[in-house]
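*Asks:* My structure file target34.pdb, PDB, C-alpha atoms, is below:
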```pdb
ATOM      1  CA  MET A 560       3.313   5.313  14.212
ATOM      2  CA  ILE A 561       2.744   8.039  11.584
ATOM      3  CA  GLN A 562       2.990   7.530   7.817
ATOM      4  CA  ILE A 563       2.593  10.616   5.608
ATOM      5  CA  ASN A 564       2.407  10.213   1.830
ATOM      6  CA  ASN A 565       2.512  13.166  -0.606
ATOM      7  CA  LEU A 566       0.454  15.317   1.752
ATOM      8  CA  SER A 567      -0.470  18.775   0.434
ATOM      9  CA  LYS A 568      -2.605  21.702   1.555
ATOM     10  CA  LYS A 569      -3.540  24.775  -0.448
ATOM     11  CA  TYR A 570      -5.845  27.279   1.215
ATOM     12  CA  LYS A 571      -8.703  28.771  -0.771
ATOM     13  CA  GLY A 572      -7.764  32.073  -2.412
ATOM     14  CA  THR A 573      -4.002  31.521  -2.234
ATOM     15  CA  ASP A 574      -1.542  30.910  -5.055
ATOM     16  CA  PHE A 575       0.841  28.644  -3.165
ATOM     17  CA  PHE A 576       0.774  25.416  -1.173
ATOM     18  CA  SER A 577       1.259  25.729   2.590
ATOM     19  CA  VAL A 578       2.308  22.061   2.607
ATOM     20  CA  LYS A 579       3.428  20.431  -0.644
ATOM     21  CA  ASP A 580       3.949  16.733  -1.447
ATOM     22  CA  LEU A 581       5.281  16.035   2.046
ATOM     23  CA  ASN A 582       6.475  12.514   2.898
ATOM     24  CA  LEU A 583       7.475  11.507   6.412
ATOM     25  CA  ASN A 584       7.500   8.472   8.726
ATOM     26  CA  ILE A 585       7.604   8.907  12.510
ATOM     27  CA  ALA A 586       8.312   5.864  14.660
ATOM     28  CA  GLU A 587       6.481   4.907  17.835
ATOM     29  CA  GLY A 588       8.063   6.470  20.901
ATOM     30  CA  GLU A 589       9.858   9.287  19.085
ATOM     31  CA  ILE A 590       9.986  12.917  20.125
ATOM     32  CA  PHE A 591       9.922  14.429  16.661
ATOM     33  CA  GLY A 592      10.534  18.136  16.135
ATOM     34  CA  LEU A 593       9.029  20.080  13.227
ATOM     35  CA  LEU A 594      11.125  23.203  12.824
ATOM     36  CA  GLY A 595      10.823  26.017  10.309
ATOM     37  CA  PRO A 596      10.466  29.784   9.800
ATOM     38  CA  ASN A 597       7.135  31.592  10.146
ATOM     39  CA  GLY A 598       4.769  30.427   7.426
ATOM     40  CA  ALA A 599       6.783  27.290   6.636
ATOM     41  CA  GLY A 600       3.756  24.985   7.067
ATOM     42  CA  LYS A 601       4.323  23.538  10.551
ATOM     43  CA  THR A 602       0.941  24.435  12.051
ATOM     44  CA  THR A 603      -0.883  23.469   8.846
ATOM     45  CA  LEU A 604       0.760  20.031   8.912
ATOM     46  CA  ILE A 605      -0.140  19.456  12.564
ATOM     47  CA  SER A 606      -3.702  20.654  11.916
ATOM     48  CA  MET A 607      -4.103  18.088   9.114
ATOM     49  CA  LEU A 608      -2.651  15.272  11.218
ATOM     50  CA  SER A 609      -5.026  16.261  14.034
ATOM     51  CA  SER A 610      -7.996  16.052  11.606
ATOM     52  CA  LEU A 611      -8.693  19.771  12.063
ATOM     53  CA  LEU A 612      -7.920  20.545   8.416
ATOM     54  CA  LYS A 613      -8.774  18.531   5.332
ATOM     55  CA  PRO A 614      -5.766  17.906   3.046
ATOM     56  CA  THR A 615      -5.920  19.117  -0.543
ATOM     57  CA  SER A 616      -4.258  15.888  -1.652
ATOM     58  CA  GLY A 617      -2.188  13.008  -0.329
ATOM     59  CA  SER A 618      -2.852  10.796   2.685
ATOM     60  CA  PHE A 619      -1.617   9.806   6.118
ATOM     61  CA  LYS A 620      -2.079   7.053   8.683
ATOM     62  CA  ILE A 621      -1.644   7.142  12.435
ATOM     63  CA  ASN A 622      -1.221   3.789  14.167
ATOM     64  CA  ASN A 623      -2.346   2.205  10.854
ATOM     65  CA  LEU A 624      -5.624   4.132  10.970
ATOM     66  CA  ASN A 625      -6.608   6.054   7.835
ATOM     67  CA  TYR A 626      -7.797   9.624   8.469
ATOM     68  CA  VAL A 627     -10.660   9.258   5.941
ATOM     69  CA  GLU A 628     -12.092   5.958   7.163
ATOM     70  CA  ASN A 629     -11.126   6.094  10.856
ATOM     71  CA  GLN A 630     -11.452   9.754  11.814
ATOM     72  CA  LYS A 631     -13.372   9.072  15.038
ATOM     73  CA  GLU A 632     -10.856   6.462  16.217
ATOM     74  CA  LEU A 633      -7.983   8.791  15.329
ATOM     75  CA  LYS A 634      -9.390  11.621  17.421
ATOM     76  CA  GLN A 635      -9.579   9.285  20.422
ATOM     77  CA  LEU A 636      -5.975   8.235  19.848
ATOM     78  CA  ILE A 637      -4.380  11.685  19.683
ATOM     79  CA  GLY A 638      -3.941  14.703  21.906
ATOM     80  CA  THR A 639      -3.438  18.251  20.644
ATOM     81  CA  VAL A 640      -1.981  21.244  22.463
ATOM     82  CA  PRO A 641      -2.428  24.330  20.244
ATOM     83  CA  GLN A 642      -0.219  27.406  20.199
ATOM     84  CA  GLU A 643      -3.128  29.615  21.288
ATOM     85  CA  TYR A 644      -4.668  29.033  24.712
ATOM     86  CA  ALA A 645      -7.681  26.738  24.275
ATOM     87  CA  LEU A 646      -9.182  27.607  27.647
ATOM     88  CA  TYR A 647     -12.262  29.390  28.987
ATOM     89  CA  PRO A 648     -10.974  32.442  30.937
ATOM     90  CA  SER A 649     -14.071  32.808  33.130
ATOM     91  CA  LEU A 650     -13.873  29.189  34.358
ATOM     92  CA  THR A 651     -11.446  27.888  36.967
ATOM     93  CA  ALA A 652      -8.551  25.608  36.061
ATOM     94  CA  TYR A 653     -10.393  22.614  37.479
ATOM     95  CA  GLU A 654     -13.619  23.490  35.639
ATOM     96  CA  ASN A 655     -11.742  23.812  32.357
ATOM     97  CA  LEU A 656     -10.024  20.460  32.795
ATOM     98  CA  SER A 657     -13.257  18.767  33.907
ATOM     99  CA  TYR A 658     -14.963  20.045  30.765
ATOM    100  CA  PHE A 659     -12.239  18.867  28.382
ATOM    101  CA  GLY A 660     -11.870  15.561  30.216
ATOM    102  CA  SER A 661     -15.593  14.872  29.921
ATOM    103  CA  MET A 662     -15.356  15.512  26.164
ATOM    104  CA  TYR A 663     -12.833  12.666  26.003
ATOM    105  CA  GLY A 664     -15.376  10.456  27.772
ATOM    106  CA  ILE A 665     -13.301   9.964  30.911
ATOM    107  CA  LYS A 666     -15.418   8.737  33.839
ATOM    108  CA  LYS A 667     -15.672  11.167  36.771
ATOM    109  CA  PRO A 668     -13.655   9.246  39.407
ATOM    110  CA  LEU A 669     -10.762   8.656  36.999
ATOM    111  CA  LEU A 670     -11.021  12.189  35.600
ATOM    112  CA  LYS A 671     -10.732  13.707  39.075
ATOM    113  CA  GLU A 672      -7.701  11.535  39.754
ATOM    114  CA  GLU A 673      -6.005  12.504  36.458
ATOM    115  CA  ILE A 674      -6.685  16.218  36.910
ATOM    116  CA  ASN A 675      -5.308  16.258  40.454
ATOM    117  CA  LYS A 676      -2.270  14.208  39.403
ATOM    118  CA  HIS A 677      -1.263  16.550  36.585
ATOM    119  CA  LEU A 678      -2.019  19.709  38.588
ATOM    120  CA  THR A 679       0.261  18.427  41.358
ATOM    121  CA  ILE A 680       3.093  17.458  38.999
ATOM    122  CA  LEU A 681       2.989  20.859  37.286
ATOM    123  CA  GLY A 682       2.748  22.817  40.536
ATOM    124  CA  LEU A 683      -0.779  24.123  40.084
ATOM    125  CA  SER A 684      -2.778  22.346  42.800
ATOM    126  CA  LYS A 685      -3.244  25.414  44.990
ATOM    127  CA  PHE A 686      -4.567  27.375  42.003
ATOM    128  CA  SER A 687      -7.040  24.747  40.792
ATOM    129  CA  HIS A 688     -10.132  26.735  41.842
ATOM    130  CA  GLN A 689      -8.955  30.106  40.553
ATOM    131  CA  LYS A 690     -10.215  31.486  37.249
ATOM    132  CA  ILE A 691      -7.956  31.138  34.231
ATOM    133  CA  LYS A 692      -8.116  34.884  33.523
ATOM    134  CA  THR A 693      -6.108  35.476  36.723
ATOM    135  CA  PHE A 694      -3.272  33.130  35.618
ATOM    136  CA  SER A 695       0.134  34.129  34.290
ATOM    137  CA  GLY A 696       1.207  33.024  30.800
ATOM    138  CA  GLY A 697       3.276  30.157  32.155
ATOM    139  CA  MET A 698       0.384  28.879  34.278
ATOM    140  CA  LYS A 699      -1.973  29.008  31.284
ATOM    141  CA  ARG A 700       0.570  27.058  29.198
ATOM    142  CA  ARG A 701       0.680  24.325  31.834
ATOM    143  CA  ILE A 702      -3.122  24.093  32.021
ATOM    144  CA  ASN A 703      -3.253  24.099  28.203
ATOM    145  CA  LEU A 704      -0.902  21.100  28.228
ATOM    146  CA  ILE A 705      -2.913  19.187  30.838
ATOM    147  CA  ALA A 706      -6.104  19.673  28.792
ATOM    148  CA  GLY A 707      -4.478  17.836  25.876
ATOM    149  CA  ILE A 708      -3.101  14.860  27.814
ATOM    150  CA  LEU A 709      -5.858  13.937  30.301
ATOM    151  CA  HIS A 710      -6.904  10.943  28.172
ATOM    152  CA  ASN A 711      -3.334   9.597  27.938
ATOM    153  CA  PRO A 712      -3.044   9.928  24.147
ATOM    154  CA  LYS A 713      -0.909   7.547  22.143
ATOM    155  CA  VAL A 714       0.228  10.456  19.944
ATOM    156  CA  LEU A 715       0.597  14.028  21.182
ATOM    157  CA  PHE A 716       0.820  17.076  18.879
ATOM    158  CA  LEU A 717       2.393  20.169  20.429
ATOM    159  CA  ASP A 718       2.399  23.515  18.625
ATOM    160  CA  GLU A 719       4.858  25.858  20.375
ATOM    161  CA  PRO A 720       4.085  24.471  23.874
ATOM    162  CA  THR A 721       6.607  26.709  25.663
ATOM    163  CA  VAL A 722       6.245  29.972  23.732
ATOM    164  CA  GLY A 723       6.244  33.079  25.910
ATOM    165  CA  VAL A 724       6.778  31.337  29.257
ATOM    166  CA  ASP A 725       9.340  31.801  32.013
ATOM    167  CA  VAL A 726      12.298  29.465  32.424
ATOM    168  CA  GLN A 727      10.724  27.609  35.355
ATOM    169  CA  SER A 728       7.474  26.891  33.489
ATOM    170  CA  ARG A 729       9.401  25.794  30.401
ATOM    171  CA  LYS A 730      11.471  23.347  32.447
ATOM    172  CA  ALA A 731       8.348  21.959  34.161
ATOM    173  CA  ILE A 732       6.580  21.455  30.808
ATOM    174  CA  ILE A 733       9.561  19.766  29.125
ATOM    175  CA  ASN A 734      10.205  17.472  32.101
ATOM    176  CA  HIS A 735       6.553  16.418  32.163
ATOM    177  CA  LEU A 736       6.607  15.716  28.426
ATOM    178  CA  LYS A 737       9.715  13.569  28.802
ATOM    179  CA  LYS A 738       7.936  11.478  31.448
ATOM    180  CA  LEU A 739       4.908  11.033  29.159
ATOM    181  CA  ASN A 740       7.222   9.947  26.345
ATOM    182  CA  LYS A 741       8.928   7.365  28.564
ATOM    183  CA  LYS A 742       5.490   5.901  29.282
ATOM    184  CA  GLY A 743       4.914   5.401  25.544
ATOM    185  CA  THR A 744       3.474   8.619  24.115
ATOM    186  CA  THR A 745       4.845   9.582  20.696
ATOM    187  CA  ILE A 746       5.369  13.346  20.560
ATOM    188  CA  ILE A 747       5.340  15.653  17.531
ATOM    189  CA  TYR A 748       6.496  19.111  18.498
ATOM    190  CA  THR A 749       6.986  22.491  16.820
ATOM    191  CA  SER A 750       9.080  25.276  18.273
ATOM    192  CA  HIS A 751      11.264  28.274  17.498
ATOM    193  CA  HIS A 752      13.456  27.422  20.500
ATOM    194  CA  MET A 753      16.338  25.677  18.732
ATOM    195  CA  ASN A 754      18.302  24.926  21.900
ATOM    196  CA  GLU A 755      15.221  23.319  23.425
ATOM    197  CA  ALA A 756      14.605  21.218  20.310
ATOM    198  CA  GLU A 757      18.251  20.161  20.185
ATOM    199  CA  GLU A 758      18.049  18.693  23.682
ATOM    200  CA  PHE A 759      14.438  17.514  23.657
ATOM    201  CA  CYS A 760      13.960  15.807  20.277
ATOM    202  CA  THR A 761      15.175  12.401  19.134
ATOM    203  CA  ARG A 762      14.811  13.567  15.514
ATOM    204  CA  VAL A 763      13.921  16.807  13.795
ATOM    205  CA  ALA A 764      12.794  17.900  10.345
ATOM    206  CA  ILE A 765      13.367  21.423   9.058
ATOM    207  CA  ILE A 766      10.456  22.566   6.886
ATOM    208  CA  ASP A 767      10.576  25.500   4.487
ATOM    209  CA  HIS A 768       7.960  26.576   1.935
ATOM    210  CA  GLY A 769       5.824  23.547   2.831
ATOM    211  CA  SER A 770       8.474  20.891   2.180
ATOM    212  CA  ILE A 771      11.004  19.042   4.317
ATOM    213  CA  VAL A 772      14.498  20.276   3.509
ATOM    214  CA  ILE A 773      16.456  18.076   5.916
ATOM    215  CA  LYS A 774      15.732  15.639   8.738
ATOM    216  CA  GLY A 775      17.627  13.503  11.227
ATOM    217  CA  ASP A 776      19.110  13.258  14.702
ATOM    218  CA  PRO A 777      19.888  16.833  15.881
ATOM    219  CA  LYS A 778      23.441  16.002  16.952
ATOM    220  CA  LYS A 779      24.179  14.207  13.671
ATOM    221  CA  LEU A 780      22.853  17.167  11.669
ATOM    222  CA  ILE A 781      25.182  19.437  13.620
ATOM    223  CA  ASN A 782      28.195  17.157  13.106
ATOM    224  CA  GLU A 783      27.547  16.763   9.383
ATOM    225  CA  GLN A 784      27.937  20.462   8.596
ATOM    226  CA  PRO A 785      31.231  22.377   8.764
ATOM    227  CA  GLU A 786      31.640  25.242  11.253
ATOM    228  CA  VAL A 787      28.321  24.416  12.921
ATOM    229  CA  LYS A 788      28.032  24.136  16.708
ATOM    230  CA  HIS A 789      24.307  24.205  17.392
ATOM    231  CA  LEU A 790      21.003  23.279  15.774
ATOM    232  CA  GLU A 791      20.270  26.980  15.332
ATOM    233  CA  ASP A 792      23.329  27.209  13.055
ATOM    234  CA  VAL A 793      21.993  24.313  10.963
ATOM    235  CA  PHE A 794      18.580  25.995  10.800
ATOM    236  CA  LEU A 795      20.000  29.322   9.605
ATOM    237  CA  SER A 796      22.306  27.689   7.064
ATOM    238  CA  ILE A 797      19.294  25.981   5.478
ATOM    239  CA  THR A 798      16.555  28.613   5.765
ATOM    240  CA  GLY A 799      18.724  31.748   5.525
ATOM    241  CA  LYS A 800      18.793  34.882   7.650
ATOM    242  CA  ALA A 801      16.091  36.875   5.839
ATOM    243  CA  LEU A 802      13.114  37.868   7.980
ATOM    244  CA  ARG A 803      10.015  35.715   7.521
ATOM    245  CA  ASP A 804       7.084  37.856   8.586
ATOM    246  CA  TYR A 805       3.657  36.771   7.310
ATOM    247  CA  ALA A 806       0.369  38.602   7.810
TER     248      ALA A 806
END
```
For the structure just supplied, provide its representation as structure tokens.
*Replies:*
Amino acid sequence: MIQINNLSKKYKGTDFFSVKDLNLNIAEGEIFGLLGPNGAGKTTLISMLSSLLKPTSGSFKINNLNYVENQKELKQLIGTVPQEYALYPSLTAYENLSYFGSMYGIKKPLLKEEINKHLTILGLSKFSHQKIKTFSGGMKRRINLIAGILHNPKVLFLDEPTVGVDVQSRKAIINHLKKLNKKGTTIIYTSHHMNEAEEFCTRVAIIDHGSIVIKGDPKKLINEQPEVKHLEDVFLSITGKALRDYA
């Protein structure tokens, strides 16, 4: 589904590459986790694959579509759920979703049906006509997710979709994503929740300093290393325990 060849990104005014000569293939139907410390290049990689950032060099294809020649088709094929809330606080949940759905070109009768379906599944129906600014963090996360999946994307990019939410909201989001995946959506997901990634992902790649250090089935990665019990142990053994704070 996704073929990445020697993909690199260097931001203007910096001395280092945020993503460097990265190669990766992701199969159709996978739930693929991109894991790494702060500043490792996860968000930059997702932004390039979502056509939000232009690569410095290298190339990629999604569903055999080239990002240079088929950018419009690619944008119709993918869904993106950013780490920051991409919502209008002064609009209601329904108004936000209607706006984003119309941008995807979804016809009104179908759009209304899709909005109501997802609001019901994620327990937000009774709040649909309340303004986003009155919502809790978990509620905003769920609306943020719905905004990225209304058009039933073939590929879904998720950047920290459960950060800062309560246990109940996290469970609701993950369960909904699993159902989407079973219906055929390929998911690429970043997170700092190692336990969540261990259970949720079919494969993971650990990225550090813009390059993939290791990748594979989470359980196999755990079994391959001595004295390791969890994916978090694998992560720390590869990336180290030093703090990774970036301004």
*Asks:* Hey, what comes out of the PyMOL selection byres ((chain A and resi 681-685) around 12) on this file? Could you write it as JSON, numbers by chain?
*Replies:* {"A": [651, 652, 653, 674, 675, 676, 677, 678, 679, 680, 686, 687, 688, 689, 691, 694, 695, 697, 698, 699, 700, 701, 702, 703, 704, 705, 727, 728, 729, 730, 731, 732, 733, 734, 735, 736]}
*Asks:* Would you pick out the contacts of Gln784 in chain A at 10 Å or less, using only C-alpha atoms, so that residues sharing its chain but fewer than 6 positions from it are not included, and give the list as a list in words?
*Replies:* Asp792, Val793 and Ser796 of chain A
*Asks:* With the file shown as input, list the residues that the PyMOL selection byres ((chain A and resi 753) around 9) selects, as a PyMOL selection string.
*Replies:* chain A and resi 594+750-752+754-758+789-791+794
*Asks:* Would you list the contacts of range 612-618 of chain A as a compact mmCIF listing (two decimals) with C-alpha atoms, in the coordinates of the input, taking every protein, DNA or RNA residue within 8 Å and counting all atoms listed in the file, but skipping same-chain residues closer than 5 positions in sequence?
*Replies:*
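Dumped to selection-v1.txt:
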```txt
# COMPACT_ATOMS: atom_id res chain seq x y z
CA ILE A 563 2.59 10.62 5.61
CA ASN A 564 2.41 10.21 1.83
CA ASN A 565 2.51 13.17 -0.61
CA LEU A 566 0.45 15.32 1.75
CA SER A 567 -0.47 18.77 0.43
CA LYS A 568 -2.60 21.70 1.56
CA LYS A 569 -3.54 24.78 -0.45
CA ASP A 580 3.95 16.73 -1.45
CA THR A 603 -0.88 23.47 8.85
CA SER A 606 -3.70 20.65 11.92
CA MET A 607 -4.10 18.09 9.11
CA ASN A 625 -6.61 6.05 7.84
CA TYR A 626 -7.80 9.62 8.47
```
*Asks:* To one decimal place in Å, what is the distance between CA of Asn629 in chain A and CA of Lys713 in chain A?
*Replies:* 15.3 Å
*Asks:* Applying the PyMOL selection byres ((chain A and resi 749) around 6) to the file I just gave you, which residues come out? Please list them as a PyMOL selection string.
*Replies:* chain A and resi 592-594+718-719+748+750
*Asks:* Just checking: using only C-alpha atoms, which residue out of A:Leu670, A:Thr761, A:Glu643, A:Lys631 ends up closest to Ser657 in chain A?
*Replies:* A:Leu670
*Asks:* Could you add whatever atoms are missing so that range 727-741 of chain A carries N, CA and C atoms, then write the result as a PDB file, in the coordinates of the input?
*Replies:*
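Final output, saved to result.pdb:
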```pdb
ATOM      1  N   GLN A 727      11.214  28.648  34.448  1.00  0.00           N
ATOM      2  CA  GLN A 727      10.724  27.609  35.355  1.00  0.00           C
ATOM      3  C   GLN A 727       9.553  26.835  34.747  1.00  0.00           C
ATOM      4  N   SER A 728       8.617  27.560  34.120  1.00  0.00           N
ATOM      5  CA  SER A 728       7.474  26.891  33.489  1.00  0.00           C
ATOM      6  C   SER A 728       7.928  26.034  32.315  1.00  0.00           C
ATOM      7  N   ARG A 729       8.889  26.559  31.537  1.00  0.00           N
ATOM      8  CA  ARG A 729       9.401  25.794  30.401  1.00  0.00           C
ATOM      9  C   ARG A 729      10.027  24.479  30.867  1.00  0.00           C
ATOM     10  N   LYS A 730      10.814  24.550  31.916  1.00  0.00           N
ATOM     11  CA  LYS A 730      11.471  23.347  32.447  1.00  0.00           C
ATOM     12  C   LYS A 730      10.437  22.343  32.947  1.00  0.00           C
ATOM     13  N   ALA A 731       9.397  22.838  33.637  1.00  0.00           N
ATOM     14  CA  ALA A 731       8.348  21.959  34.161  1.00  0.00           C
ATOM     15  C   ALA A 731       7.602  21.264  33.028  1.00  0.00           C
ATOM     16  N   ILE A 732       7.299  22.014  31.958  1.00  0.00           N
ATOM     17  CA  ILE A 732       6.580  21.455  30.808  1.00  0.00           C
ATOM     18  C   ILE A 732       7.425  20.399  30.109  1.00  0.00           C
ATOM     19  N   ILE A 733       8.691  20.709  29.825  1.00  0.00           N
ATOM     20  CA  ILE A 733       9.561  19.766  29.125  1.00  0.00           C
ATOM     21  C   ILE A 733       9.781  18.508  29.946  1.00  0.00           C
ATOM     22  N   ASN A 734      10.007  18.645  31.243  1.00  0.00           N
ATOM     23  CA  ASN A 734      10.205  17.472  32.101  1.00  0.00           C
ATOM     24  C   ASN A 734       8.978  16.579  32.117  1.00  0.00           C
ATOM     25  N   HIS A 735       7.799  17.199  32.152  1.00  0.00           N
ATOM     26  CA  HIS A 735       6.553  16.418  32.163  1.00  0.00           C
ATOM     27  C   HIS A 735       6.364  15.681  30.836  1.00  0.00           C
ATOM     28  N   LEU A 736       6.711  16.347  29.742  1.00  0.00           N
ATOM     29  CA  LEU A 736       6.607  15.716  28.426  1.00  0.00           C
ATOM     30  C   LEU A 736       7.562  14.538  28.290  1.00  0.00           C
ATOM     31  N   LYS A 737       8.753  14.671  28.835  1.00  0.00           N
ATOM     32  CA  LYS A 737       9.715  13.569  28.802  1.00  0.00           C
ATOM     33  C   LYS A 737       9.181  12.351  29.550  1.00  0.00           C
ATOM     34  N   LYS A 738       8.521  12.586  30.673  1.00  0.00           N
ATOM     35  CA  LYS A 738       7.936  11.478  31.448  1.00  0.00           C
ATOM     36  C   LYS A 738       6.811  10.801  30.658  1.00  0.00           C
ATOM     37  N   LEU A 739       5.979  11.601  29.987  1.00  0.00           N
ATOM     38  CA  LEU A 739       4.908  11.033  29.159  1.00  0.00           C
ATOM     39  C   LEU A 739       5.495  10.182  28.041  1.00  0.00           C
ATOM     40  N   ASN A 740       6.576  10.680  27.427  1.00  0.00           N
ATOM     41  CA  ASN A 740       7.222   9.947  26.345  1.00  0.00           C
ATOM     42  C   ASN A 740       7.780   8.615  26.833  1.00  0.00           C
ATOM     43  N   LYS A 741       8.375   8.603  28.014  1.00  0.00           N
ATOM     44  CA  LYS A 741       8.928   7.365  28.564  1.00  0.00           C
ATOM     45  C   LYS A 741       7.842   6.331  28.835  1.00  0.00           C
TER      46      LYS A 741
END
```
